[in-house]
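The next block is final.json, given as JSON, C-alpha atoms.
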[["chain", "number", "residue", "atom", "x", "y", "z"],
["Z", 438, "MET", "CA", 26.41, 30.38, -30.67],
["Z", 439, "LYS", "CA", 23.76, 31.40, -28.16],
["Z", 440, "GLY", "CA", 21.09, 29.67, -30.24],
["Z", 441, "ARG", "CA", 23.03, 26.38, -30.20],
["Z", 442, "LEU", "CA", 23.60, 26.66, -26.46],
["Z", 443, "ARG", "CA", 19.89, 27.29, -25.93],
["Z", 444, "LYS", "CA", 18.96, 24.25, -28.03],
["Z", 445, "TYR", "CA", 21.52, 22.12, -26.17],
["Z", 446, "ARG", "CA", 20.12, 23.13, -22.77],
["Z", 447, "ASN", "CA", 16.59, 22.55, -23.98],
["Z", 448, "ALA", "CA", 17.48, 19.06, -25.26],
["Z", 449, "MET", "CA", 19.33, 18.24, -22.02],
["Z", 450, "MET", "CA", 16.41, 19.30, -19.81],
["Z", 451, "LEU", "CA", 13.94, 17.46, -22.03],
["Z", 452, "GLY", "CA", 16.08, 14.33, -21.72],
["Z", 453, "ILE", "CA", 16.17, 14.68, -17.91],
["Z", 454, "PHE", "CA", 12.39, 15.12, -17.70],
["Z", 455, "LEU", "CA", 11.84, 12.13, -19.99],
["Z", 456, "LEU", "CA", 14.24, 9.98, -17.96],
["Z", 457, "PHE", "CA", 12.50, 10.68, -14.67],
["Z", 458, "THR", "CA", 9.11, 10.18, -16.30],
["Z", 459, "LEU", "CA", 10.21, 6.73, -17.40],
["Z", 460, "LEU", "CA", 11.59, 6.04, -13.91],
["Z", 461, "ALA", "CA", 8.19, 6.92, -12.45],
["Z", 462, "LEU", "CA", 6.46, 4.56, -14.89],
["Z", 463, "VAL", "CA", 8.77, 1.60, -14.20],
["Z", 464, "PRO", "CA", 7.28, 0.63, -10.79],
["Z", 465, "LEU", "CA", 3.75, 1.23, -12.09],
["Z", 466, "PHE", "CA", 4.08, -1.08, -15.07],
["Z", 467, "GLY", "CA", 6.21, -3.46, -13.00],
["Z", 468, "VAL", "CA", 3.40, -3.93, -10.47],
["Z", 469, "LEU", "CA", 0.74, -4.20, -13.18],
["Z", 470, "GLY", "CA", 2.83, -6.68, -15.16],
["Z", 471, "TYR", "CA", 3.47, -8.84, -12.10],
["Z", 472, "VAL", "CA", -0.22, -8.91, -11.19],
["Z", 473, "VAL", "CA", -1.22, -9.80, -14.75],
["Z", 474, "LYS", "CA", 1.43, -12.50, -14.97],
["Z", 475, "ASN", "CA", 0.35, -14.20, -11.74],
["Z", 476, "GLY", "CA", -3.39, -13.59, -12.00],
["Z", 477, "ILE", "CA", -4.30, -14.26, -15.61],
["Z", 478, "SER", "CA", -3.83, -18.04, -15.30],
["Z", 479, "ALA", "CA", -6.44, -18.33, -12.51],
["Z", 480, "LEU", "CA", -9.15, -16.41, -14.38],
["Z", 481, "ASN", "CA", -11.91, -18.62, -15.75],
["Z", 482, "PHE", "CA", -15.69, -18.76, -15.99],
["Z", 483, "ASP", "CA", -16.08, -20.28, -12.51],
["Z", 484, "PHE", "CA", -14.08, -17.46, -10.97],
["Z", 485, "PHE", "CA", -16.78, -14.95, -12.00],
["Z", 486, "THR", "CA", -19.82, -17.15, -11.34],
["Z", 487, "SER", "CA", -19.02, -19.44, -8.39],
["Z", 488, "LEU", "CA", -18.81, -18.94, -4.64],
["Z", 489, "PRO", "CA", -15.61, -19.67, -2.71],
["Z", 490, "LYS", "CA", -14.97, -23.33, -1.93],
["Z", 491, "PRO", "CA", -14.44, -24.57, 1.64],
["Z", 492, "MET", "CA", -10.97, -24.38, 3.12],
["Z", 493, "GLY", "CA", -8.56, -26.80, 1.45],
["Z", 494, "VAL", "CA", -10.84, -27.52, -1.52],
["Z", 495, "SER", "CA", -9.55, -26.31, -4.88],
["Z", 496, "GLY", "CA", -11.67, -24.43, -7.40],
["Z", 497, "GLY", "CA", -14.47, -22.00, -6.76],
["Z", 498, "GLY", "CA", -14.53, -18.31, -7.47],
["Z", 499, "MET", "CA", -15.17, -14.83, -6.13],
["Z", 500, "ALA", "CA", -18.55, -13.98, -7.63],
["Z", 501, "ASN", "CA", -19.95, -12.79, -4.30],
["Z", 502, "ALA", "CA", -16.83, -10.70, -3.61],
["Z", 503, "ILE", "CA", -17.04, -8.98, -7.00],
["Z", 504, "VAL", "CA", -20.70, -8.10, -6.48],
["Z", 505, "GLY", "CA", -19.99, -7.08, -2.88],
["Z", 506, "THR", "CA", -17.23, -4.71, -3.99],
["Z", 507, "LEU", "CA", -19.58, -3.08, -6.50],
["Z", 508, "ILE", "CA", -22.23, -2.66, -3.78],
["Z", 509, "LEU", "CA", -19.75, -1.15, -1.32],
["Z", 510, "ILE", "CA", -18.36, 1.21, -3.97],
["Z", 511, "GLY", "CA", -21.91, 2.19, -4.89],
["Z", 512, "ILE", "CA", -22.81, 3.01, -1.28],
["Z", 513, "ALA", "CA", -19.56, 4.90, -0.75],
["Z", 514, "GLY", "CA", -19.97, 6.82, -3.99],
["Z", 515, "LEU", "CA", -23.57, 7.82, -3.24],
["Z", 516, "LEU", "CA", -22.53, 9.09, 0.19],
["Z", 517, "GLY", "CA", -19.05, 10.43, -0.45],
["Z", 518, "ILE", "CA", -18.97, 11.98, -3.94],
["Z", 519, "PRO", "CA", -21.95, 14.37, -3.60],
["Z", 520, "THR", "CA", -20.80, 15.35, -0.10],
["Z", 521, "GLY", "CA", -17.29, 16.13, -1.32],
["Z", 522, "ILE", "CA", -18.44, 18.06, -4.39],
["Z", 523, "LEU", "CA", -20.98, 20.17, -2.46],
["Z", 524, "ALA", "CA", -18.42, 20.91, 0.27],
["Z", 525, "ALA", "CA", -15.88, 21.98, -2.36],
["Z", 526, "ILE", "CA", -18.46, 24.25, -4.02],
["Z", 527, "TYR", "CA", -19.11, 25.94, -0.67],
["Z", 528, "LEU", "CA", -15.38, 26.41, -0.02],
["Z", 529, "THR", "CA", -14.68, 27.77, -3.50],
["Z", 530, "GLU", "CA", -17.78, 29.74, -4.43],
["Z", 531, "TYR", "CA", -19.23, 30.96, -1.13],
["Z", 532, "ASP", "CA", -16.64, 31.00, 1.64],
["Z", 533, "ARG", "CA", -12.93, 31.17, 0.87],
["Z", 534, "VAL", "CA", -11.39, 33.00, 3.82],
["Z", 535, "SER", "CA", -13.51, 32.58, 6.95],
["Z", 536, "TRP", "CA", -12.54, 30.52, 9.99],
["Z", 537, "LEU", "CA", -15.03, 27.84, 8.96],
["Z", 538, "SER", "CA", -13.52, 27.32, 5.52],
["Z", 539, "THR", "CA", -10.02, 27.26, 7.03],
["Z", 540, "ALA", "CA", -11.13, 24.65, 9.59],
["Z", 541, "VAL", "CA", -12.76, 22.54, 6.89],
["Z", 542, "ARG", "CA", -9.62, 22.61, 4.71],
["Z", 543, "PHE", "CA", -7.42, 21.71, 7.67],
["Z", 544, "THR", "CA", -9.74, 18.86, 8.65],
["Z", 545, "THR", "CA", -9.76, 17.63, 5.07],
["Z", 546, "ASP", "CA", -5.96, 17.56, 4.96],
["Z", 547, "VAL", "CA", -5.86, 15.69, 8.27],
["Z", 548, "LEU", "CA", -8.44, 13.14, 7.13],
["Z", 549, "THR", "CA", -6.45, 12.52, 3.95],
["Z", 550, "GLY", "CA", -3.47, 11.40, 6.00],
["Z", 551, "ILE", "CA", -5.30, 9.38, 8.67],
["Z", 552, "PRO", "CA", -4.68, 5.61, 8.37],
["Z", 553, "SER", "CA", -7.75, 3.87, 7.01],
["Z", 554, "ILE", "CA", -7.77, 1.39, 9.89],
["Z", 555, "ILE", "CA", -8.55, 4.28, 12.26],
["Z", 556, "ILE", "CA", -11.59, 5.15, 10.17],
["Z", 557, "GLY", "CA", -12.64, 1.51, 10.32],
["Z", 558, "ILE", "CA", -12.41, 1.48, 14.11],
["Z", 559, "VAL", "CA", -14.41, 4.72, 14.41],
["Z", 560, "VAL", "CA", -17.20, 3.42, 12.14],
["Z", 561, "TYR", "CA", -17.11, 0.09, 14.02],
["Z", 562, "THR", "CA", -17.72, 1.93, 17.29],
["Z", 563, "ALA", "CA", -20.32, 4.30, 15.87],
["Z", 564, "LEU", "CA", -22.36, 1.89, 13.72],
["Z", 565, "VAL", "CA", -21.41, -1.76, 14.14],
["Z", 566, "VAL", "CA", -21.39, -1.84, 17.94],
["Z", 567, "LYS", "CA", -24.66, 0.09, 18.21],
["Z", 568, "ALA", "CA", -26.37, -2.00, 15.52],
["Z", 569, "GLY", "CA", -25.05, -5.23, 16.99],
["Z", 570, "ASN", "CA", -23.85, -6.66, 13.67],
["Z", 571, "PHE", "CA", -21.45, -6.08, 10.81],
["Z", 572, "SER", "CA", -23.05, -4.78, 7.63],
["Z", 573, "ALA", "CA", -22.53, -3.64, 4.07],
["Z", 574, "PHE", "CA", -23.86, -0.21, 4.99],
["Z", 575, "ALA", "CA", -21.18, 0.25, 7.67],
["Z", 576, "GLY", "CA", -18.53, -0.76, 5.16],
["Z", 577, "GLY", "CA", -19.88, 1.74, 2.64],
["Z", 578, "VAL", "CA", -19.85, 4.52, 5.25],
["Z", 579, "ALA", "CA", -16.21, 3.77, 6.11],
["Z", 580, "LEU", "CA", -15.21, 3.91, 2.44],
["Z", 581, "ALA", "CA", -17.23, 7.11, 1.95],
["Z", 582, "ILE", "CA", -15.30, 8.81, 4.76],
["Z", 583, "ILE", "CA", -12.08, 7.87, 2.96],
["Z", 584, "MET", "CA", -13.41, 9.27, -0.31],
["Z", 585, "VAL", "CA", -14.77, 12.61, 0.96],
["Z", 586, "PRO", "CA", -11.45, 14.46, 1.62],
["Z", 587, "LEU", "CA", -10.03, 13.31, -1.72],
["Z", 588, "VAL", "CA", -13.12, 14.52, -3.58],
["Z", 589, "ILE", "CA", -13.13, 17.83, -1.71],
["Z", 590, "ARG", "CA", -9.50, 18.64, -2.47],
["Z", 591, "SER", "CA", -9.60, 17.61, -6.13],
["Z", 592, "THR", "CA", -12.92, 19.37, -6.79],
["Z", 593, "GLU", "CA", -11.77, 22.53, -5.02],
["Z", 594, "GLU", "CA", -8.62, 22.70, -7.14],
["Z", 595, "MET", "CA", -10.58, 22.14, -10.35],
["Z", 596, "LEU", "CA", -13.11, 24.86, -9.49],
["Z", 597, "LYS", "CA", -10.27, 27.30, -8.77],
["Z", 598, "LEU", "CA", -8.99, 26.75, -12.30],
["Z", 599, "VAL", "CA", -12.25, 28.01, -13.81],
["Z", 600, "PRO", "CA", -11.61, 31.67, -14.84],
["Z", 601, "GLN", "CA", -13.44, 34.25, -12.76],
["Z", 602, "THR", "CA", -14.48, 35.99, -15.98],
["Z", 603, "ILE", "CA", -16.77, 33.05, -16.78],
["Z", 604, "ARG", "CA", -18.62, 33.57, -13.51],
["Z", 605, "GLU", "CA", -18.79, 37.31, -14.07],
["Z", 606, "ALA", "CA", -20.25, 36.77, -17.54],
["Z", 607, "GLY", "CA", -23.06, 34.74, -15.99],
["Z", 608, "TYR", "CA", -23.70, 37.36, -13.33],
["Z", 609, "ALA", "CA", -23.75, 40.10, -16.00],
["Z", 610, "LEU", "CA", -26.55, 38.26, -17.78],
["Z", 611, "GLY", "CA", -28.58, 38.27, -14.57],
["Z", 612, "ILE", "CA", -28.12, 34.56, -13.87],
["Z", 613, "PRO", "CA", -28.32, 33.73, -10.13],
["Z", 614, "ARG", "CA", -25.15, 32.49, -8.48],
["Z", 615, "TRP", "CA", -26.49, 28.98, -7.85],
["Z", 616, "ARG", "CA", -27.51, 28.60, -11.49],
["Z", 617, "THR", "CA", -24.17, 29.98, -12.69],
["Z", 618, "ILE", "CA", -22.39, 27.39, -10.58],
["Z", 619, "LEU", "CA", -24.67, 24.58, -11.69],
["Z", 620, "ARG", "CA", -24.88, 25.37, -15.40],
["Z", 621, "ILE", "CA", -21.56, 27.08, -16.15],
["Z", 622, "VAL", "CA", -18.86, 26.49, -13.52],
["Z", 623, "LEU", "CA", -19.44, 22.79, -12.84],
["Z", 624, "PRO", "CA", -19.65, 21.75, -16.53],
["Z", 625, "THR", "CA", -16.43, 23.68, -17.20],
["Z", 626, "ALA", "CA", -14.58, 21.77, -14.46],
["Z", 627, "ALA", "CA", -16.47, 18.49, -14.93],
["Z", 628, "LYS", "CA", -13.59, 16.49, -16.41],
["Z", 629, "GLY", "CA", -11.25, 17.34, -13.55],
["Z", 630, "ILE", "CA", -13.97, 16.70, -10.97],
["Z", 631, "LEU", "CA", -14.71, 13.33, -12.55],
["Z", 632, "THR", "CA", -11.03, 12.40, -12.53],
["Z", 633, "GLY", "CA", -10.79, 13.26, -8.83],
["Z", 634, "ALA", "CA", -13.90, 11.24, -8.06],
["Z", 635, "MET", "CA", -12.49, 8.23, -9.91],
["Z", 636, "LEU", "CA", -9.22, 8.51, -7.99],
["Z", 637, "ALA", "CA", -11.25, 8.49, -4.77],
["Z", 638, "VAL", "CA", -13.16, 5.41, -5.98],
["Z", 639, "ALA", "CA", -9.88, 3.67, -6.83],
["Z", 640, "ARG", "CA", -8.51, 4.46, -3.36],
["Z", 641, "ALA", "CA", -11.64, 3.21, -1.61],
["Z", 642, "ALA", "CA", -12.03, 0.09, -3.77],
["Z", 643, "GLY", "CA", -8.68, -1.30, -2.62],
["Z", 644, "GLU", "CA", -9.08, -0.67, 1.11],
["Z", 645, "THR", "CA", -9.06, -3.74, 3.33],
["Z", 646, "ALA", "CA", -8.52, -2.55, 6.92],
["Z", 647, "PRO", "CA", -11.80, -0.58, 7.29],
["Z", 648, "LEU", "CA", -13.81, -3.50, 5.90],
["Z", 649, "LEU", "CA", -12.37, -5.88, 8.49],
["Z", 650, "PHE", "CA", -14.14, -3.84, 11.18],
["Z", 651, "THR", "CA", -17.33, -3.05, 9.27],
["Z", 652, "ALA", "CA", -18.27, -5.39, 6.39],
["Z", 653, "LEU", "CA", -16.33, -8.36, 7.88],
["Z", 654, "GLY", "CA", -16.75, -10.56, 4.79],
["Z", 655, "ASN", "CA", -19.07, -13.37, 3.79],
["Z", 656, "GLN", "CA", -18.51, -16.72, 2.09],
["Z", 657, "TYR", "CA", -22.05, -16.65, 0.66],
["Z", 658, "TRP", "CA", -24.35, -14.20, -1.09],
["Z", 659, "SER", "CA", -25.55, -11.25, 0.95],
["Z", 660, "HIS", "CA", -29.25, -10.42, 0.69],
["Z", 661, "SER", "CA", -29.36, -7.24, 2.76],
["Z", 662, "LEU", "CA", -27.28, -4.15, 3.40],
["Z", 663, "ASN", "CA", -27.68, -4.89, 7.11],
["Z", 664, "GLU", "CA", -25.59, -8.08, 7.07],
["Z", 665, "PRO", "CA", -21.92, -8.90, 6.43],
["Z", 666, "ILE", "CA", -20.87, -8.77, 2.80],
["Z", 667, "ALA", "CA", -17.96, -10.15, 0.80],
["Z", 668, "ALA", "CA", -15.48, -7.83, -0.94],
["Z", 669, "LEU", "CA", -12.50, -8.41, -3.19],
["Z", 670, "PRO", "CA", -9.93, -6.83, -0.82],
["Z", 671, "LEU", "CA", -11.15, -9.02, 2.06],
["Z", 672, "GLN", "CA", -11.13, -12.15, -0.09],
["Z", 673, "ILE", "CA", -7.67, -11.34, -1.44],
["Z", 674, "TYR", "CA", -6.35, -10.82, 2.09],
["Z", 675, "GLN", "CA", -7.83, -14.09, 3.29],
["Z", 676, "TYR", "CA", -6.53, -16.08, 0.35],
["Z", 677, "ALA", "CA", -3.07, -14.46, 0.28],
["Z", 678, "THR", "CA", -2.45, -15.29, 3.96],
["Z", 679, "SER", "CA", -3.65, -18.90, 3.63],
["Z", 680, "PRO", "CA", -1.31, -21.89, 3.24],
["Z", 681, "TYR", "CA", -3.07, -23.16, 0.08],
["Z", 682, "LYS", "CA", -1.44, -22.67, -3.31],
["Z", 683, "ASP", "CA", -4.77, -22.61, -5.16],
["Z", 684, "TRP", "CA", -5.98, -19.80, -2.95],
["Z", 685, "HIS", "CA", -2.77, -17.87, -3.65],
["Z", 686, "SER", "CA", -3.50, -18.09, -7.39],
["Z", 687, "GLN", "CA", -7.05, -16.89, -6.80],
["Z", 688, "ALA", "CA", -5.73, -14.00, -4.70],
["Z", 689, "TRP", "CA", -3.65, -12.86, -7.68],
["Z", 690, "ALA", "CA", -6.68, -13.26, -9.94],
["Z", 691, "GLY", "CA", -8.77, -11.20, -7.51],
["Z", 692, "SER", "CA", -6.11, -8.48, -7.54],
["Z", 693, "LEU", "CA", -6.22, -8.39, -11.33],
["Z", 694, "VAL", "CA", -10.03, -8.19, -11.35],
["Z", 695, "LEU", "CA", -9.95, -5.37, -8.80],
["Z", 696, "ILE", "CA", -7.60, -3.35, -11.02],
["Z", 697, "LEU", "CA", -9.73, -4.06, -14.10],
["Z", 698, "LEU", "CA", -12.85, -3.08, -12.18],
["Z", 699, "VAL", "CA", -11.45, 0.36, -11.37],
["Z", 700, "VAL", "CA", -10.30, 0.82, -14.98],
["Z", 701, "ILE", "CA", -13.73, -0.16, -16.34],
["Z", 702, "LEU", "CA", -15.57, 2.17, -13.94],
["Z", 703, "SER", "CA", -13.29, 5.04, -14.95],
["Z", 704, "PHE", "CA", -13.81, 4.29, -18.65],
["Z", 705, "ILE", "CA", -17.61, 4.13, -18.27],
["Z", 706, "ALA", "CA", -17.67, 7.40, -16.32],
["Z", 707, "ARG", "CA", -15.57, 9.21, -18.93],
["Z", 708, "LEU", "CA", -17.63, 7.73, -21.77],
["Z", 709, "ALA", "CA", -20.87, 8.83, -20.12],
["Z", 710, "PHE", "CA", -19.49, 12.32, -19.60],
["Z", 711, "ARG", "CA", -18.33, 12.55, -23.22],
["Z", 712, "SER", "CA", -21.72, 11.40, -24.47],
["Z", 713, "ARG", "CA", -23.45, 14.04, -22.32],
["Z", 714, "LYS", "CA", -21.16, 16.76, -23.64],
["Z", 715, "ASN", "CA", -21.79, 15.71, -27.23],
["Z", 716, "PHE", "CA", -25.53, 15.68, -26.60]]
Could I get this file's structure written as structure tokens?
Amino acid sequence: MKGRLRKYRNAMMLGIFLLFTLLALVPLFGVLGYVVKNGISALNFDFFTSLPKPMGVSGGGMANAIVGTLILIGIAGLLGIPTGILAAIYLTEYDRVSWLSTAVRFTTDVLTGIPSIIIGIVVYTALVVKAGNFSAFAGGVALAIIMVPLVIRSTEEMLKLVPQTIREAGYALGIPRWRTILRIVLPTAAKGILTGAMLAVARAAGETAPLLFTALGNQYWSHSLNEPIAALPLQIYQYATSPYKDWHSQAWAGSLVLILLVVILSFIARLAFRSRKNF
């Protein structure tokens, strides 16, 4: 009797967990399905190779915005990911309980919740106003600031999951702490760190508000990091708020490309990591 009751409770709880899992997936696949439905029809060769057409003229593409997004993500990743990982290593491996580590964790939590438009305004004041022009570099810095707290928190949690015995084994062999961290701890937590970094990239890739104050946007190709640059979120915002139906279709197509871009970057990063592990 008790065994049947136990199996019944187990099946009931499993059913509840499964139900709420499906409820969580419904909005996700609903949004993805709606974007695919509205954006797939506007995707063509010109969309990936042509510049935007003048206002009111149909056709054209978002080639410069796609390249601009990749450039901005690259700048943000080069600035934000190493900074976040190194800060997390310090908090986890060197200083867990001092006032400095507590202040850094508190600041990280605060930065995570700050609206991105505030970050855009701060970078606008600090870089754009002083330089006298909008630029790709300023946009990358704004996105990097958004990425840093996400990378810190995810990396810190992944490093905490590495058993202390693994570190102690390295120390027992006479391996210095920095080499133990570099060669043992980080590879052990690499998958989780990579996942956190990709989540930060996905968050930064879709930001529009900071880019309005820093990168500004550009209808043509950008030839320098010190000049305004196009980006998919900016182009999508401009097209979605326009009165032209063709631009609305291209905005949906741009949204689909932005999602695919994040998926492809995540896939390449995981594939590269797997290849390195196999090697």
Kindly list the centre and edge lengths in Å, rounded to one decimal, for the axis-aligned box that covers all listed atoms of segment 663-673 of chain Z plus 6 Å on each of its six sides, as JSON.
{"center_x": -17.7, "center_y": -8.5, "center_z": 2.0, "size_x": 32.0, "size_y": 19.3, "size_z": 22.3}
Polymer residues at most 12 Å from segment 678-682 of chain Z, all atoms listed in the file, same-chain spacing of 6 or more positions, as a CSV table (one decimal) with C-alpha atoms, in the frame of the given file:
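Here's the written file out.csv:
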chain,number,residue,atom,x,y,z
Z,479,ALA,CA,-6.4,-18.3,-12.5
Z,491,PRO,CA,-14.4,-24.6,1.6
Z,492,MET,CA,-11.0,-24.4,3.1
Z,493,GLY,CA,-8.6,-26.8,1.4
Z,494,VAL,CA,-10.8,-27.5,-1.5
Z,495,SER,CA,-9.6,-26.3,-4.9
Z,496,GLY,CA,-11.7,-24.4,-7.4
Z,671,LEU,CA,-11.2,-9.0,2.1
Z,672,GLN,CA,-11.1,-12.2,-0.1
Z,688,ALA,CA,-5.7,-14.0,-4.7
Z,689,TRP,CA,-3.6,-12.9,-7.7
key: Residue nearest Gly576 of chain Z among Z:Leu548, Z:Leu462, Z:Val694, Z:Leu648 (counting only C-alpha atoms)   =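 Using only C-alpha atoms, Gly576 of chain Z sits closest to Z:Leu648.
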request  = Report the distance between atom CA of Ser591 of chain Z and atom CA of Ala627 of chain Z in Å, rounded to one decimal place.
outcome  =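 Separation of atom CA of Ser591 of chain Z and atom CA of Ala627 of chain Z: 11.2 Å.
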message = What's the separation between atom CA of Tyr561 of chain Z and atom CA of Leu693 of chain Z, in Å to one decimal place?
response = 28.9 Å
With a cut-off of 12 Å, could you pull out the residues of segment 488-551 of chain Z touching segment 638-645 of chain Z and give me the nearest pair of atoms for each, distance in Å to one decimal, using all atoms listed in the file, ordered by chain and ascending number, as a tab-separated table?
residue	atom	partner	partner_atom	distance
Z:Ala502	CA	Z:Ala642	CA	11.8
Z:Ile503	CA	Z:Ala642	CA	10.9
Z:Gly505	CA	Z:Ala642	CA	10.8
Z:Thr506	CA	Z:Ala642	CA	7.1
Z:Leu507	CA	Z:Ala642	CA	8.6
Z:Ile508	CA	Z:Ala642	CA	10.6
Z:Leu509	CA	Z:Ala642	CA	8.2
Z:Ile510	CA	Z:Ala642	CA	6.4
Z:Gly511	CA	Z:Val638	CA	9.4
Z:Ile512	CA	Z:Val638	CA	11.0
Z:Ala513	CA	Z:Ala641	CA	8.1
Z:Gly514	CA	Z:Val638	CA	7.2
Z:Leu515	CA	Z:Val638	CA	11.0
Z:Leu516	CA	Z:Val638	CA	11.8
Z:Gly517	CA	Z:Val638	CA	9.5
Z:Ile518	CA	Z:Val638	CA	9.0
Z:Thr549	CA	Z:Arg640	CA	11.1
task = Could you check which of Z:Ile477, Z:Val559, Z:Val468, Z:Ile551 is closest to Pro586 of chain Z, using only C-alpha atoms?
result =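 Using only C-alpha atoms, the shortest distance to Pro586 of chain Z belongs to Z:Ile551.
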message = I'd like the interatomic distance between atom CA of Ala573 of chain Z and atom CA of Val473 of chain Z, to a tenth of an Å.
response =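 Atom-to-atom, atom CA of Ala573 of chain Z and atom CA of Val473 of chain Z are spaced 29.1 Å apart.
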message = Using all atoms listed in the file, can you tell me which of Z:Ile696, Z:Ala525, Z:Ala646, Z:Val566 comes closest to Tyr674 of chain Z?
response =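 For Tyr674 of chain Z, the nearest of the given residues is Z:Ala646.
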Expected residue set, 6 Å radius at (-18.0, -16.5, -11.1), only C-alpha atoms, as a PyMOL selection string = chain Z and resi 482-487+498-500
message = Using only C-alpha atoms, can you tell me which of Z:Pro647, Z:Gly497, Z:Gly452, Z:Gly654 comes closest to Leu580 of chain Z?
response =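 Of Z:Pro647, Z:Gly497, Z:Gly452, Z:Gly654, the one nearest Leu580 of chain Z, counting only C-alpha atoms, is Z:Pro647.
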request  = Using all atoms listed in the file, find the one residue out of Z:Ala581, Z:Gly476, Z:Ile621, Z:Arg441 that sits nearest to Leu697 of chain Z.
outcome  = Z:Gly476
message = When you count all atoms listed in the file, which of these residues is closest to Ile603 of chain Z: Z:Arg590, Z:Arg620, Z:Lys444, Z:Lys490?
response =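 Selected residue with least distance to Ile603 of chain Z: Z:Arg620.
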query = If we count only C-alpha atoms, what is near Ile522 of chain Z at a cut-off of 7 Å, once residues fewer than 6 positions away on the same chain are taken out, given as a PyMOL selection string?
reply = chain Z and resi 588-589+592
key: Contacts of Trp615 of chain Z within 12 Å, all atoms listed in the file, excl. fewer than 4 positions in-chain, as a PyMOL selection string   = chain Z and resi 523+526-527+530-531+604+607-608+611+619-623
With N, CA and C atoms retained, output segment 641-657 of chain Z as a PDB file, in the first residue's frame.
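Ended up saving to decode_4.pdb:
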ATOM      1  N   ALA Z 641      23.460  41.370 -24.723  1.00  0.00           N
ATOM      2  CA  ALA Z 641      24.028  42.585 -25.304  1.00  0.00           C
ATOM      3  C   ALA Z 641      23.641  42.753 -26.770  1.00  0.00           C
ATOM      4  N   ALA Z 642      23.546  41.636 -27.505  1.00  0.00           N
ATOM      5  CA  ALA Z 642      23.261  41.718 -28.942  1.00  0.00           C
ATOM      6  C   ALA Z 642      21.896  42.322 -29.226  1.00  0.00           C
ATOM      7  N   GLY Z 643      20.958  42.171 -28.312  1.00  0.00           N
ATOM      8  CA  GLY Z 643      19.612  42.686 -28.559  1.00  0.00           C
ATOM      9  C   GLY Z 643      19.333  44.051 -27.973  1.00  0.00           C
ATOM     10  N   GLU Z 644      20.329  44.683 -27.364  1.00  0.00           N
ATOM     11  CA  GLU Z 644      20.110  45.988 -26.736  1.00  0.00           C
ATOM     12  C   GLU Z 644      20.027  47.097 -27.784  1.00  0.00           C
ATOM     13  N   THR Z 645      19.049  47.961 -27.616  1.00  0.00           N
ATOM     14  CA  THR Z 645      18.854  49.084 -28.528  1.00  0.00           C
ATOM     15  C   THR Z 645      19.141  50.420 -27.857  1.00  0.00           C
ATOM     16  N   ALA Z 646      18.613  50.607 -26.636  1.00  0.00           N
ATOM     17  CA  ALA Z 646      18.708  51.903 -25.958  1.00  0.00           C
ATOM     18  C   ALA Z 646      20.142  52.412 -25.815  1.00  0.00           C
ATOM     19  N   PRO Z 647      21.120  51.593 -25.368  1.00  0.00           N
ATOM     20  CA  PRO Z 647      22.481  52.135 -25.237  1.00  0.00           C
ATOM     21  C   PRO Z 647      23.078  52.565 -26.566  1.00  0.00           C
ATOM     22  N   LEU Z 648      22.702  51.872 -27.649  1.00  0.00           N
ATOM     23  CA  LEU Z 648      23.266  52.188 -28.965  1.00  0.00           C
ATOM     24  C   LEU Z 648      22.712  53.494 -29.523  1.00  0.00           C
ATOM     25  N   LEU Z 649      21.518  53.868 -29.092  1.00  0.00           N
ATOM     26  CA  LEU Z 649      20.956  55.145 -29.538  1.00  0.00           C
ATOM     27  C   LEU Z 649      21.804  56.317 -29.072  1.00  0.00           C
ATOM     28  N   PHE Z 650      22.466  56.160 -27.926  1.00  0.00           N
ATOM     29  CA  PHE Z 650      23.286  57.238 -27.359  1.00  0.00           C
ATOM     30  C   PHE Z 650      24.763  57.102 -27.693  1.00  0.00           C
ATOM     31  N   THR Z 651      25.163  55.978 -28.288  1.00  0.00           N
ATOM     32  CA  THR Z 651      26.593  55.737 -28.499  1.00  0.00           C
ATOM     33  C   THR Z 651      26.935  55.456 -29.967  1.00  0.00           C
ATOM     34  N   ALA Z 652      26.355  54.391 -30.531  1.00  0.00           N
ATOM     35  CA  ALA Z 652      26.658  54.033 -31.926  1.00  0.00           C
ATOM     36  C   ALA Z 652      25.834  54.848 -32.912  1.00  0.00           C
ATOM     37  N   LEU Z 653      24.631  55.254 -32.497  1.00  0.00           N
ATOM     38  CA  LEU Z 653      23.698  56.101 -33.250  1.00  0.00           C
ATOM     39  C   LEU Z 653      23.061  55.400 -34.437  1.00  0.00           C
ATOM     40  N   GLY Z 654      23.854  54.677 -35.244  1.00  0.00           N
ATOM     41  CA  GLY Z 654      23.342  54.062 -36.463  1.00  0.00           C
ATOM     42  C   GLY Z 654      23.931  54.720 -37.698  1.00  0.00           C
ATOM     43  N   ASN Z 655      23.861  54.000 -38.809  1.00  0.00           N
ATOM     44  CA  ASN Z 655      24.447  54.489 -40.048  1.00  0.00           C
ATOM     45  C   ASN Z 655      23.767  53.788 -41.213  1.00  0.00           C
ATOM     46  N   GLN Z 656      23.363  54.540 -42.206  1.00  0.00           N
ATOM     47  CA  GLN Z 656      22.714  53.964 -43.383  1.00  0.00           C
ATOM     48  C   GLN Z 656      23.723  53.428 -44.396  1.00  0.00           C
ATOM     49  N   TYR Z 657      25.000  53.646 -44.133  1.00  0.00           N
ATOM     50  CA  TYR Z 657      26.046  53.222 -45.072  1.00  0.00           C
ATOM     51  C   TYR Z 657      27.064  52.355 -44.320  1.00  0.00           C
TER      52      TYR Z 657
END
